[in-house]
4 protein chains.
Amino acid sequence: MTKLKVSIVGCSGYVGGELLRLLLFHDQVEIQQITSERFLGKPASRTHPNLRGITKLNYTSINDLEKCDTLFLCLPHGVSSSSINYFASKASQIIDLSSDFRICDDTLYEKWYGKKRKSSKYLENFVYGIPELHRDKMVNASYISSAGCNATAVILALYPFFKEDLVEKLPVISEAKVGTSEGGNKFSMATHHPERTGSIRSYMPVLHRHTAEMVQELSFNSTSKIHFSATAIQMVRGVLATSHIFLKRDLEERDIWSLYRKYYLDERFIRIVKERQGIYRLPDPKILIGTNYCDIGFVKDPNSNRVVVISAIDNLMKGAAGQAVQAFNISNNIDEIKALEFPGFHII
Amino acid sequence: MTKLKVSIVGCSGYVGGELLRLLLFHDQVEIQQITSERFLGKPASRTHPNLRGITKLNYTSINDLEKCDTLFLCLPHGVSSSSINYFASKASQIIDLSSDFRICDDTLYEKWYGKKRKSSKYLENFVYGIPELHRDKMVNASYISSAGCNATAVILALYPFFKEDLVEKLPVISEAKVGTSEGGNKFSMATHHPERTGSIRSYMPVLHRHTAEMVQELSFNSTSKIHFSATAIQMVRGVLATSHIFLKRDLEERDIWSLYRKYYLDERFIRIVKERQGIYRLPDPKILIGTNYCDIGFVKDPNSNRVVVISAIDNLMKGAAGQAVQAFNISNNIDEIKALEFPGFHII
Amino acid sequence: MTKLKVSIVGCSGYVGGELLRLLLFHDQVEIQQITSERFLGKPASRTHPNLRGITKLNYTSINDLEKCDTLFLCLPHGVSSSSINYFASKASQIIDLSSDFRICDDTLYEKWYGKKRKSSKYLENFVYGIPELHRDKMVNASYISSAGCNATAVILALYPFFKEDLVEKLPVISEAKVGTSEGGNKFSMATHHPERTGSIRSYMPVLHRHTAEMVQELSFNSTSKIHFSATAIQMVRGVLATSHIFLKRDLEERDIWSLYRKYYLDERFIRIVKERQGIYRLPDPKILIGTNYCDIGFVKDPNSNRVVVISAIDNLMKGAAGQAVQAFNISNNIDEIKALEFPGFHII
Amino acid sequence: MTKLKVSIVGCSGYVGGELLRLLLFHDQVEIQQITSERFLGKPASRTHPNLRGITKLNYTSINDLEKCDTLFLCLPHGVSSSSINYFASKASQIIDLSSDFRICDDTLYEKWYGKKRKSSKYLENFVYGIPELHRDKMVNASYISSAGCNATAVILALYPFFKEDLVEKLPVISEAKVGTSEGGNKFSMATHHPERTGSIRSYMPVLHRHTAEMVQELSFNSTSKIHFSATAIQMVRGVLATSHIFLKRDLEERDIWSLYRKYYLDERFIRIVKERQGIYRLPDPKILIGTNYCDIGFVKDPNSNRVVVISAIDNLMKGAAGQAVQAFNISNNIDEIKALEFPGFHII
């Protein structure tokens, strides 16, 4: 079989590095180019030392992109959309990992991003990148917009409840505990090791932009009232989202089991984790490091109609590079799990 | 001035160790006895190596308690109440750090503790131990029941809102990120370093007993709808509580400032932390390690009437030993800050 | 091709779990049985939650072992040798991961293990399991004894110097910084998270048994004077060994480069890591987590004939399960890298 | 008693912050000025958030220094010496925390610092700042040069052996495990949290400048052969130095006990830590955080004449600010322990 030629634009960052790592071991892919303006001409291992001896690829310029089958864009927000014509001329498929093409509705975008946006035909063509929700539209899709990491964790956790109209019209609070890799590789005093270590930073108690994605994907009959907060803890990789919803009717835990089974039974990257005992009886991002899983667990409050849903992902994997590869596989009719087989570590 | 003679019962645990550390440097206190059945006859430094060369105290048995002025009880839940007559015969003042005497109402107790309780005269005599709420009753009090660590963080954060009847009749969600010292020194596979490190454990998503204290202290005209969850993260000491409340009227941030000033302006252990910039612009338990502060910050959601209140404490200090010493000082007409002057570290 | 049938004895521990993880993805292997007495009948994911949904294997008893091609023994020290006849009756190949068959010489064994040992024919048949030193003897070997983790890191680092007789007759000091997974899954107060976190524990300043392996493998013309110390730090996986040797003649750094190239140029799991700049210019076990690499770097002291050799491995991989799989591959004429392709993470 | 007026020059860094924290609670000191060019006019709590509500001091410029009794200099290496005349005109006592005045001998300086230095009269007047070695010269001293953190840990550990001429003419290897605060508050990609966390960085295997101090303080009859390496681990504060010395005669452990007692019995900040059992039976910098202790332990190798000496300090305290305050106290005839009473935490 002919391998698909792919290039990774903006490959020197953390998400780019993970994409590169995954695709180097994808046997139906040939990596054609990786770009970085800052590390032009340097080997990939200069930025990603784990790849020493694994690849001899060197960074090229975004201006020297050659035609390829698929272009993965790992660029700062705003850059993909402003150069979309250029990128579209280079590849028949674009998978964008920025936020530029995630939000369809201009009003919703403006509310959360704080600025107007001019619509474009590309915007309409992009499929929102969570495979479990949009797999059908992904097949043979040319334009895919990968979802935000926190959005992915919350949306997958709550989708069945909203889809089945089970959520009472009360505020839904979702609080994500996130790792420092979410901030990328831009260093500052705030990320200086002695300052950051051991810190719990309430970095986005309100107004987190990923909320727009949650509202978009979880609003069916009416706009969902989702309140999202993010707290950065002592962790590099991982998201644990704790979401509190109030049910219209008082479901028992076995009903909630059934609900999840209905939606996710055949999903290879979603596991319902809820055990009676054991250290890891609810989802824990620690054992998901490097994997594409979203583990989802829940507890029903016996004293109220509250359900606490706990969902965990690796923000760089299911929350970024892994999700993008999964979407790439689906859209190119490749086995969905290809290059995403890694099961994670128990202790680490 | 004559020093007060105090004894610490159950001193080999983490809270006992902190109490001992504090009281050794309290110049109006003489530590008479420390008890531990397991380490009988051994020096305090056997369990608390930081006290090597600081004290020569050895552990004695609870059965050999001599009369003293104040007895600090750091015992497993249930033990203080079952032996309260014995303890009361040994000291004119008892400061209990267990949960036995925190909840006044038997129904409330039964709901959260899952078992009946026989009322006792002692129960009525105990003052709930958060000084900022009950300072007046503490002066000359003979029986003080120290508050739960998570309860302290949440109650101090939300008290002014509830007291002023500003909270809408919507669920209040409070999510605490807590350190592993909350579990005490009982080791198990769950606390084994390779298992616990890097883990995020949703150890009490519902039914946390500290909720009873929050309901007790924050219910004025009607029962408050507080939903509390606790998540243990990679941290040893500290609590960061993120509480989401919805206001009846749309206060501006400066109104909230005024509210906190009204209640806490003269409090020496409460700081309102809310700055426009800087790494530590909201409360962070890291810089409170070893201190008796409760730092409180808040952010008003511009898109709704939600206020996110962020409060941080050291669970072993303001959440246990520090709070107990503060209450001890107040009740004995000693300067409130005595032995609690430590300002904390910037980096650690 | 027919798959090889393998069983893992003592699979519930950390090394067993890693072996299982690796072999589940080895396409020339079929896992026949995994044993654990404590978790008899329970699924593998009970002990290794990362394998949820990956395998349906349940634990069986060591007494119910069926015949297979290869038996991996992950048992406490002393057990493999006492039951070696039984194990040998069950499989044509045994790969033992304990220390029982590592030391050939009875006197050397007795000196470091502090007890006599009766020689056995099995002992003579075991090949010491570092592939880079004993690959020839491994091909078609029936009995392989995997090396100690610290021993592997130090031996691979120093082998070329000793082999070429370049080391002056001065003490060689090697100091390993090790993670807490080296201690296995036996929990105690010493491994309780609040006690262990942030601690630096000089747990074996002298008398570490792995020294015996170093002496065995690095003594050519005369007994080498190796002094090994191990310090456990805040880390779960990984070993970084810092070895100080004094050279007979004053080699320049390029000579040392040549030396390493001579021995390790074609080795797929050894990388010489020594760059002029960059954060990871010398070996760091962090980027080796989950990999089978041994990264080796060095610095020559301009003021003396000292060379500091720095070597890093993942103790559970190249130091245990990975090394065993590598040896298994070699001995069964399978591509050496099979199931060991994972390149590691950059940030984690 | 009149308080001494002190100013801290370069107070916005980590060492300056610790000095400020200590001196704010020193009852014989009044802090007159703190300087920072970068944070001119800003409150101290802007850089040191732990001091919120503790002090109202604002940063002033180094050019606006007023006369005071003691000037603490926390400046980058090279600055103190180039402006020494200016500083000397401002205060009757200078305590310099840089490396400028530590090395008396020009040749030794040149060897380790790689550049020539012009001698100055000030150099001769500076007392090397380890109180346990130079207390006599410190009394009433006008100029004190605080020792390097790693140098302090190693020198205090080995001093009695060298002073008594017990060390064989073999290389002494000392390997320090150090925290990231040693690098100060200059951030870079190397200190970016996702990069630095979990890393073990062999940042100075040879040529560490603190070696010069060790050679200076430990050479009596002949130059001592000290080889020092430093490895940065996952830790913010702390140094654990593991030093390997070979003895001329085969001392027993009780002899070594006696040796340490002879030198350090009356020292209030040195504890010999060597217990038969327990988690903290040898020194551990974790329990020294915030204290001025140097804990020293040792193990004699039964198989050779090697002694492994393990010493631990908090690099910002006994290794910098604490040592400076101790020296300040001695030189001003104040109780040596003043402002340094903090005993450290057990768990943290």
# chains A, B, ... in the order shown; residues from 1 in each chain; ligands from 1
$ interface_residues --of "chain A" --to "chain B" --cutoff "6 Å" --atoms "only C-alpha atoms" --output "PyMOL selection string"
chain A and resi 190+194-195+199-200+206+279+284+286+301+347
$ write_last_selection --atoms "all heavy atoms" --output "PDB file, in the first residue's frame"
ATOM      1  N   ALA A 190       6.465  32.700  35.447  1.00  0.00           N
ATOM      2  CA  ALA A 190       5.339  31.910  35.952  1.00  0.00           C
ATOM      3  C   ALA A 190       5.578  30.413  35.818  1.00  0.00           C
ATOM      4  O   ALA A 190       5.010  29.621  36.556  1.00  0.00           O
ATOM      5  CB  ALA A 190       4.055  32.294  35.217  1.00  0.00           C
ATOM      6  N   PRO A 194      11.231  26.678  40.291  1.00  0.00           N
ATOM      7  CA  PRO A 194      11.028  26.919  41.726  1.00  0.00           C
ATOM      8  C   PRO A 194       9.699  27.629  42.024  1.00  0.00           C
ATOM      9  O   PRO A 194       9.146  27.457  43.110  1.00  0.00           O
ATOM     10  CB  PRO A 194      12.205  27.833  42.103  1.00  0.00           C
ATOM     11  CG  PRO A 194      13.230  27.607  41.040  1.00  0.00           C
ATOM     12  CD  PRO A 194      12.457  27.314  39.784  1.00  0.00           C
ATOM     13  N   GLU A 195       9.210  28.417  41.086  1.00  0.00           N
ATOM     14  CA  GLU A 195       7.926  29.101  41.299  1.00  0.00           C
ATOM     15  C   GLU A 195       6.761  28.158  41.049  1.00  0.00           C
ATOM     16  O   GLU A 195       5.773  28.152  41.772  1.00  0.00           O
ATOM     17  CB  GLU A 195       7.792  30.301  40.326  1.00  0.00           C
ATOM     18  CG  GLU A 195       8.886  31.336  40.421  1.00  0.00           C
ATOM     19  CD  GLU A 195       8.766  32.207  41.673  1.00  0.00           C
ATOM     20  OE1 GLU A 195       7.697  32.271  42.279  1.00  0.00           O
ATOM     21  OE2 GLU A 195       9.798  32.825  42.039  1.00  0.00           O
ATOM     22  N   SER A 199       2.828  24.428  43.179  1.00  0.00           N
ATOM     23  CA  SER A 199       1.829  25.487  43.133  1.00  0.00           C
ATOM     24  C   SER A 199       0.478  24.936  42.667  1.00  0.00           C
ATOM     25  O   SER A 199       0.416  23.948  41.938  1.00  0.00           O
ATOM     26  CB  SER A 199       2.326  26.532  42.135  1.00  0.00           C
ATOM     27  OG  SER A 199       1.741  27.771  42.353  1.00  0.00           O
ATOM     28  N   ILE A 200      -0.587  25.532  43.130  1.00  0.00           N
ATOM     29  CA  ILE A 200      -1.919  25.282  42.564  1.00  0.00           C
ATOM     30  C   ILE A 200      -2.405  26.631  42.057  1.00  0.00           C
ATOM     31  O   ILE A 200      -2.653  27.544  42.852  1.00  0.00           O
ATOM     32  CB  ILE A 200      -2.941  24.771  43.586  1.00  0.00           C
ATOM     33  CG1 ILE A 200      -2.378  23.591  44.388  1.00  0.00           C
ATOM     34  CG2 ILE A 200      -4.208  24.324  42.872  1.00  0.00           C
ATOM     35  CD1 ILE A 200      -3.431  22.949  45.279  1.00  0.00           C
ATOM     36  N   VAL A 206     -12.862  31.712  35.336  1.00  0.00           N
ATOM     37  CA  VAL A 206     -14.005  32.036  34.465  1.00  0.00           C
ATOM     38  C   VAL A 206     -13.451  32.358  33.079  1.00  0.00           C
ATOM     39  O   VAL A 206     -12.243  32.505  32.906  1.00  0.00           O
ATOM     40  CB  VAL A 206     -14.779  33.278  34.983  1.00  0.00           C
ATOM     41  CG1 VAL A 206     -15.328  33.030  36.379  1.00  0.00           C
ATOM     42  CG2 VAL A 206     -13.897  34.512  34.975  1.00  0.00           C
ATOM     43  N   ILE A 279      -7.277   1.321  44.048  1.00  0.00           N
ATOM     44  CA  ILE A 279      -6.709   2.657  44.067  1.00  0.00           C
ATOM     45  C   ILE A 279      -7.183   3.470  42.874  1.00  0.00           C
ATOM     46  O   ILE A 279      -7.360   4.673  42.957  1.00  0.00           O
ATOM     47  CB  ILE A 279      -5.166   2.546  44.038  1.00  0.00           C
ATOM     48  CG1 ILE A 279      -4.681   1.735  45.233  1.00  0.00           C
ATOM     49  CG2 ILE A 279      -4.533   3.908  43.996  1.00  0.00           C
ATOM     50  CD1 ILE A 279      -3.199   1.444  45.199  1.00  0.00           C
ATOM     51  N   ASP A 284      -8.038   8.366  36.419  1.00  0.00           N
ATOM     52  CA  ASP A 284      -6.845   9.061  36.903  1.00  0.00           C
ATOM     53  C   ASP A 284      -5.938   9.316  35.693  1.00  0.00           C
ATOM     54  O   ASP A 284      -5.530   8.371  35.018  1.00  0.00           O
ATOM     55  CB  ASP A 284      -6.128   8.169  37.928  1.00  0.00           C
ATOM     56  CG  ASP A 284      -5.011   8.885  38.658  1.00  0.00           C
ATOM     57  OD1 ASP A 284      -4.409   9.816  38.081  1.00  0.00           O
ATOM     58  OD2 ASP A 284      -4.727   8.507  39.801  1.00  0.00           O
ATOM     59  N   LYS A 286      -2.957   9.939  35.433  1.00  0.00           N
ATOM     60  CA  LYS A 286      -1.619   9.373  35.555  1.00  0.00           C
ATOM     61  C   LYS A 286      -1.444   8.106  34.723  1.00  0.00           C
ATOM     62  O   LYS A 286      -0.421   7.927  34.074  1.00  0.00           O
ATOM     63  CB  LYS A 286      -1.359   9.059  37.032  1.00  0.00           C
ATOM     64  CG  LYS A 286      -0.172   8.158  37.293  1.00  0.00           C
ATOM     65  CD  LYS A 286      -0.031   7.888  38.782  1.00  0.00           C
ATOM     66  CE  LYS A 286       0.879   6.703  39.040  1.00  0.00           C
ATOM     67  NZ  LYS A 286       1.366   6.656  40.423  1.00  0.00           N
ATOM     68  N   ASP A 301     -24.813  11.192  43.797  1.00  0.00           N
ATOM     69  CA  ASP A 301     -24.964  11.637  45.178  1.00  0.00           C
ATOM     70  C   ASP A 301     -26.263  11.066  45.757  1.00  0.00           C
ATOM     71  O   ASP A 301     -27.342  11.360  45.259  1.00  0.00           O
ATOM     72  CB  ASP A 301     -25.020  13.176  45.188  1.00  0.00           C
ATOM     73  CG  ASP A 301     -25.095  13.741  46.596  1.00  0.00           C
ATOM     74  OD1 ASP A 301     -25.157  12.961  47.558  1.00  0.00           O
ATOM     75  OD2 ASP A 301     -25.088  14.981  46.724  1.00  0.00           O
ATOM     76  N   ILE A 347       2.664   2.370  36.915  1.00  0.00           N
ATOM     77  CA  ILE A 347       3.328   3.340  37.785  1.00  0.00           C
ATOM     78  C   ILE A 347       4.266   4.175  36.945  1.00  0.00           C
ATOM     79  O   ILE A 347       4.850   3.722  35.976  1.00  0.00           O
ATOM     80  CB  ILE A 347       4.085   2.691  38.961  1.00  0.00           C
ATOM     81  CG1 ILE A 347       5.178   1.761  38.434  1.00  0.00           C
ATOM     82  CG2 ILE A 347       3.151   1.977  39.904  1.00  0.00           C
ATOM     83  CD1 ILE A 347       6.291   1.651  39.425  1.00  0.00           C
TER      84      ILE A 347
END
$ select_by_dssp --residues "segment 49-204 of chain B" --states "alpha helix (DSSP H)" --output "JSON, numbers by chain"
{"B": [79, 80, 81, 82, 84, 85, 86, 87, 88, 89, 90, 106, 107, 108, 109, 110, 111, 112, 113, 121, 122, 123, 124, 125, 131, 132, 133, 134, 135, 136, 137, 138, 149, 150, 151, 152, 153, 154, 155, 156, 157, 158, 159, 160, 161, 162, 163, 193, 194, 195, 196]}
$ closest_residue --among "C:Lys163, C:Arg135, C:Arg261, C:His208" --to "Gly148 of chain C" --atoms "only C-alpha atoms"
C:His208
$ residues_around --residues "Ala147 of chain B" --least-positions-apart "6" --cutoff "9 Å" --atoms "only C-alpha atoms" --output "VMD selection string"
chain B and resid 97 to 99 102 128 to 130 210 213 319 to 320 323 to 324
$ write_last_selection --atoms "all heavy atoms" --output "short mmCIF file (atom, residue, chain, number, x, y, z; two decimals), in the first residue's frame"
data_model
loop_
_atom_site.label_atom_id
_atom_site.label_comp_id
_atom_site.auth_asym_id
_atom_site.auth_seq_id
_atom_site.Cartn_x
_atom_site.Cartn_y
_atom_site.Cartn_z
N LEU B 97 -9.45 17.90 68.44
CA LEU B 97 -9.23 18.08 67.00
C LEU B 97 -9.92 17.03 66.15
O LEU B 97 -9.76 17.02 64.93
CB LEU B 97 -7.72 18.15 66.69
CG LEU B 97 -7.06 19.47 67.15
CD1 LEU B 97 -6.49 19.35 68.52
CD2 LEU B 97 -6.04 19.95 66.15
N SER B 98 -10.68 16.15 66.77
CA SER B 98 -11.43 15.16 65.99
C SER B 98 -12.77 15.76 65.57
O SER B 98 -13.08 16.92 65.86
CB SER B 98 -11.67 13.91 66.83
OG SER B 98 -12.77 14.11 67.70
N SER B 99 -13.57 14.95 64.91
CA SER B 99 -14.88 15.45 64.44
C SER B 99 -15.98 15.22 65.47
O SER B 99 -17.13 15.57 65.23
CB SER B 99 -15.24 14.75 63.14
OG SER B 99 -15.42 13.36 63.39
N ARG B 102 -18.05 18.44 66.61
CA ARG B 102 -18.21 19.56 65.68
C ARG B 102 -19.67 19.84 65.34
O ARG B 102 -20.05 20.98 65.12
CB ARG B 102 -17.48 19.25 64.37
CG ARG B 102 -15.97 19.28 64.51
CD ARG B 102 -15.32 18.90 63.19
NE ARG B 102 -13.89 18.65 63.36
CZ ARG B 102 -13.16 17.97 62.51
NH1 ARG B 102 -13.71 17.45 61.43
NH2 ARG B 102 -11.87 17.79 62.73
N TYR B 128 -17.61 25.62 68.40
CA TYR B 128 -17.04 25.24 67.10
C TYR B 128 -15.83 26.11 66.83
O TYR B 128 -15.88 27.34 66.97
CB TYR B 128 -18.10 25.40 66.01
CG TYR B 128 -17.66 24.91 64.65
CD1 TYR B 128 -17.52 23.54 64.41
CD2 TYR B 128 -17.39 25.79 63.62
CE1 TYR B 128 -17.11 23.07 63.16
CE2 TYR B 128 -16.99 25.33 62.38
CZ TYR B 128 -16.85 23.98 62.15
OH TYR B 128 -16.45 23.53 60.92
N GLY B 129 -14.75 25.46 66.41
CA GLY B 129 -13.43 26.07 66.55
C GLY B 129 -12.91 27.06 65.54
O GLY B 129 -11.73 27.37 65.56
N ILE B 130 -13.73 27.57 64.64
CA ILE B 130 -13.19 28.59 63.73
C ILE B 130 -13.25 29.95 64.42
O ILE B 130 -14.33 30.50 64.64
CB ILE B 130 -13.98 28.63 62.40
CG1 ILE B 130 -13.90 27.26 61.71
CG2 ILE B 130 -13.43 29.72 61.50
CD1 ILE B 130 -14.54 27.21 60.32
N HIS B 210 -17.22 16.56 55.97
CA HIS B 210 -17.04 17.98 56.27
C HIS B 210 -18.21 18.82 55.76
O HIS B 210 -18.39 19.96 56.21
CB HIS B 210 -15.72 18.49 55.68
CG HIS B 210 -14.50 18.00 56.40
ND1 HIS B 210 -13.22 18.45 56.11
CD2 HIS B 210 -14.35 17.11 57.42
CE1 HIS B 210 -12.36 17.83 56.90
NE2 HIS B 210 -13.01 17.02 57.69
N GLU B 213 -20.37 20.24 58.43
CA GLU B 213 -19.92 21.48 59.07
C GLU B 213 -20.28 22.70 58.23
O GLU B 213 -20.64 23.75 58.76
CB GLU B 213 -18.40 21.43 59.31
CG GLU B 213 -17.99 20.28 60.23
CD GLU B 213 -16.47 20.14 60.34
OE1 GLU B 213 -15.80 21.14 60.60
OE2 GLU B 213 -15.97 19.01 60.16
N GLY B 319 -5.98 24.45 59.14
CA GLY B 319 -6.96 23.38 59.09
C GLY B 319 -6.89 22.41 60.25
O GLY B 319 -7.65 21.46 60.32
N ALA B 320 -5.97 22.62 61.20
CA ALA B 320 -5.86 21.70 62.33
C ALA B 320 -5.06 22.33 63.48
O ALA B 320 -5.62 23.02 64.33
CB ALA B 320 -5.26 20.37 61.90
N GLN B 323 -5.10 26.29 63.83
CA GLN B 323 -6.41 26.74 64.29
C GLN B 323 -6.60 26.46 65.77
O GLN B 323 -7.15 27.27 66.52
CB GLN B 323 -7.51 26.04 63.48
CG GLN B 323 -8.90 26.43 63.87
CD GLN B 323 -9.99 25.68 63.09
OE1 GLN B 323 -11.00 25.31 63.64
NE2 GLN B 323 -9.76 25.47 61.80
N ALA B 324 -6.13 25.29 66.20
CA ALA B 324 -6.28 24.91 67.60
C ALA B 324 -5.47 25.83 68.51
O ALA B 324 -5.93 26.22 69.59
CB ALA B 324 -5.86 23.45 67.80
#
$ closest_residue --among "D:Ser258, D:Ser188, D:Ser142, D:Ser45" --to "Glu275 of chain B" --atoms "only C-alpha atoms"
D:Ser45
$ select_by_dssp --residues "segment 50-117 of chain A" --states "strand (DSSP E)" --output "PyMOL selection string"
chain A and resi 59-60+68-73+91-96
$ write_last_selection --atoms "N, CA and C atoms" --output "mmCIF file, in the first residue's frame"
data_model
loop_
_atom_site.group_PDB
_atom_site.id
_atom_site.type_symbol
_atom_site.label_atom_id
_atom_site.label_comp_id
_atom_site.auth_asym_id
_atom_site.auth_seq_id
_atom_site.Cartn_x
_atom_site.Cartn_y
_atom_site.Cartn_z
ATOM 1 N N TYR A 59 14.280 20.369 10.541
ATOM 2 C CA TYR A 59 13.222 21.364 10.382
ATOM 3 C C TYR A 59 13.408 22.155 9.098
ATOM 4 N N THR A 60 12.287 22.384 8.431
ATOM 5 C CA THR A 60 12.288 23.219 7.244
ATOM 6 C C THR A 60 11.393 24.414 7.532
ATOM 7 N N CYS A 68 1.569 17.670 -0.214
ATOM 8 C CA CYS A 68 1.495 16.398 0.493
ATOM 9 C C CYS A 68 0.033 15.980 0.623
ATOM 10 N N ASP A 69 -0.175 14.838 1.220
ATOM 11 C CA ASP A 69 -1.559 14.373 1.375
ATOM 12 C C ASP A 69 -2.255 15.075 2.543
ATOM 13 N N THR A 70 -1.582 15.088 3.656
ATOM 14 C CA THR A 70 -2.198 15.679 4.848
ATOM 15 C C THR A 70 -1.240 16.636 5.531
ATOM 16 N N LEU A 71 -1.784 17.741 5.925
ATOM 17 C CA LEU A 71 -1.011 18.746 6.635
ATOM 18 C C LEU A 71 -1.580 18.856 8.052
ATOM 19 N N PHE A 72 -0.728 18.618 9.034
ATOM 20 C CA PHE A 72 -1.134 18.849 10.425
ATOM 21 C C PHE A 72 -0.630 20.233 10.833
ATOM 22 N N LEU A 73 -1.530 21.058 11.299
ATOM 23 C CA LEU A 73 -1.140 22.417 11.686
ATOM 24 C C LEU A 73 -1.123 22.557 13.207
ATOM 25 N N ALA A 91 -2.105 20.770 0.372
ATOM 26 C CA ALA A 91 -2.505 19.417 0.765
ATOM 27 C C ALA A 91 -3.990 19.200 0.525
ATOM 28 N N SER A 92 -4.327 17.978 0.258
ATOM 29 C CA SER A 92 -5.748 17.684 0.052
ATOM 30 C C SER A 92 -6.477 17.562 1.386
ATOM 31 N N GLN A 93 -5.722 17.369 2.438
ATOM 32 C CA GLN A 93 -6.366 17.309 3.759
ATOM 33 C C GLN A 93 -5.624 18.181 4.767
ATOM 34 N N ILE A 94 -6.404 18.880 5.569
ATOM 35 C CA ILE A 94 -5.812 19.689 6.630
ATOM 36 C C ILE A 94 -6.430 19.288 7.965
ATOM 37 N N ILE A 95 -5.549 19.006 8.907
ATOM 38 C CA ILE A 95 -6.014 18.774 10.272
ATOM 39 C C ILE A 95 -5.399 19.860 11.136
ATOM 40 N N ASP A 96 -6.257 20.736 11.594
ATOM 41 C CA ASP A 96 -5.793 21.911 12.329
ATOM 42 C C ASP A 96 -5.951 21.684 13.829
#
$ atom_distance --atom1 "atom CA of Ile270 of chain D" --atom2 "atom CA of Cys294 of chain D"
5.0 Å
$ atom_distance --atom1 "atom CA of Asn221 of chain A" --atom2 "atom CA of Cys104 of chain A"
17.2 Å
$ closest_residue --among "A:Leu340, A:Leu108, A:Leu40, A:Lys274" --to "Arg254 of chain A" --atoms "only C-alpha atoms"
A:Lys274
$ atom_distance --atom1 "atom CA of Asn150 of chain B" --atom2 "atom CA of Leu19 of chain B"
18.4 Å
$ residues_around --residues "segment 116-127 of chain C" --least-positions-apart "6" --cutoff "9 Å" --atoms "only C-alpha atoms" --output "list of chain:residue names"
C:Ser81, C:Ile84, C:Asn85, C:Ile95, C:Asp100, C:Phe101, C:Arg102, C:Ile103, C:Cys104, C:Asp106, C:Thr107, C:Tyr109, C:Glu110, C:His134, C:Lys137, C:Met138, C:Ala141, C:Ser142, C:Tyr143, C:Ile144, C:Ser145, C:Ser146
